[in-house]
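Each remark here refers to the structure printed beneath this line.
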Amino acid sequence: MDFFTKIDIPATDWQIDYNSHVAFFGSCFADNVSAQFAARKFKVLTNPFGTVYNPLSIAMQIKAIANGKKFGGPEVFQDMRSDCTESFAEKPSGTGFNTERCGAPWHCWDAHGSLSAATREECITKLDEATDQAREFLQKADVVFITLGTAFVYFLRKSGVAVSNCHRQNPNLFIRKMISVDHAAEALKSIVHDLQKIKCDWIASPGSHASLGVSVARNDEQREKHELHIVFTVSPLRHLSDGAHENTLSKSTLQLAIEKVMREIDTTPAESRNDKSKISSEPSTPCDDRTNNAANSSSPLVIPTVHYFPSYEIVMDELRDYRFYDSDMIHLSKIAENYIFERMAETYCTEETRENIHKVEKFMKSVNHRIVDAQAPAARNFAQKILAQAAELENQIAGLDLNEERQRFANADI
């Protein structure tokens with residue numbers, strides 16, 4: 001008898017290796033999974049605006065990146081829990097009272113508290129830098145994982161705008177509701193189109209880079225990086241604070257929205273579409289406008305592929321035991337996180353890449369070895385051994401970057 005239900009995951013015709021740029025957006029589950037890739041030295045971008053749980057907020061963040069948004073509007077605000085702002089209105093000028101140093105930090109409704117700051121200018125600088133860095137990475141991204149945590153969304157009561165983070169402000173400022181399948185699906189479609197826009201804009205502008213003195217190799221990279229694979233997944237972490245039944249409804253809404261997008265979204269080139277009416281309701285893609293010029297251009301169109309990874313099903317069926325959970329019985333244990341990474345590697349990595357992963361794991365285990373006396377001869381010999389292994393691995397595995405480890409062990413103090 002088979003006492004184990006293993007989830008079948010369809011094979012893909014594309015793979016992740018050490019040359020790949022892999023981005024993760026979404027819930028804390030996205031943070032955990034991306035950490036698995038980062039620990040094995042893959043090129044990773046994780047939640048540039050911090051952890052975000054609902055599809056509307058993820059869509060807003062990616063749109064901000066795609067449009068090169070400069071923050072500074074009403075989305076940036078000073079913490080309203082403090083009496084600082086009210087006190088300032090009562091203070092006469094010249095009292096030395098500084099609203100930016102009074103203890104009330106500045107936040108952004110679209111970002112996590114990690115991007116908050118003591119002053120408005122510092123907060124905006126953090127947000128703009130995160131936008132620029134994310135855009136630069138996503139231009140080269142091969143795969144983007146979107147992890148959805150909940151269909152419950154908080155909206156500002158006055159404006160009706162969805163927020164990514166309430167920053168513990170007065171609950172009366174918000175309306176909380178579960179969005180519909182259609183609403184969630186529209187957000188996911190927006191994500192696909194904006195990720196496509198980022199890629200297209202980069203590929204279509206080799207001339208601008210050349211004018212800045214960028215090498216031809218950069219332009220060749222732009223032409224090669226025309227593939228984009230988007231993988232949606234639903235976080236297996238239950239939001240029991242919503243209630244058990246509400247959590248089930250929320251996860252089901254996300255599942256249905258993903259299925260709707262995978263059925264409806266058109267990722268075929270415009271010139272290959274036989275039935276124009278099927279896409280009449282779709283928003284125009286950034287590449288559609290360039291279709292007529294694409295035939296005469298060496299830069300190919302970016303046609304994203306959309307996929308689903310069953311992380312939710314893996315936990316609910318393969319790991320249906322509380323021994324795979326952390327002490328809070330909600331978050332997953334390290335064993336479960338490692339297992340999900342293994343299933344991802346089985347799905348998206350070739351056998352050769354998986355062998356390379358094992359080599360890097362072994363190397364990183366040595367790197368993380370605790371050095372008691374950095375000045376001891378044995379420690380110096382160990383450092384030289386690590387440097388030699390790093391050089392050998394980088395020579396064996398195309399795209400592997402161990403510069404951080406080499407710099408650490410090239411330092412006499414380790």
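Lettering and numbering for the structure tokens are positional, with chains as A, B, ... in the shown order, residues counted from 1 in each chain, and ligands counted from 1 in the shown order.
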I'd like the neighbourhood of Ser27 (chain A) as an NGL selection string, where a residue qualifies if any of its atoms comes within 9 Å (using only C-alpha atoms), though same-chain residues fewer than 6 positions away should be ignored. :A and (47 or 51-54 or 146-150 or 235)
Run DSSP on the backbone and give me the residues of region 47-164 of chain A it puts in helix (DSSP H, G or I), as a PyMOL selection string. chain A and resi 55-66+84-90+99-101+113-115+120-140
Go through A:Arg343, A:Lys43, A:His239, A:Arg408 and flag the residue nearest Asn368 (chain A), using only C-alpha atoms for the distances.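 Of the candidates, the smallest distance to Asn368 (chain A) is held by A:Arg408.
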Looking at A:Arg157, A:Glu337, A:Thr5, A:Ala185, which one is nearest to Asn172 (chain A), with distances taken over only C-alpha atoms?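 Looking only at the distances to Asn172 (chain A), the closest residue turns out to be A:Arg157.
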Could you tell me how far CA of Lys199 (chain A) sits from CA of Val302 (chain A), in Å to one decimal place?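 Pair CA of Val302 (chain A) / CA of Lys199 (chain A) returns 6.9 Å.
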Ranking A:Glu392, A:His226, A:Met178, A:Ser241 by minimum distance to Ile303 (chain A) and counting only C-alpha atoms, which one comes first?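 So, comparing all the options, the nearest one is A:His226.
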With a distance cut-off of 10 Å and only C-alpha atoms, select the neighbouring residues of His331 (chain A), excluding the residue or stretch itself and same-chain residues fewer than 2 positions from it, and output the selection as number ranges by chain. A: 28-29, 236-239, 324-329, 333-334, 336-337
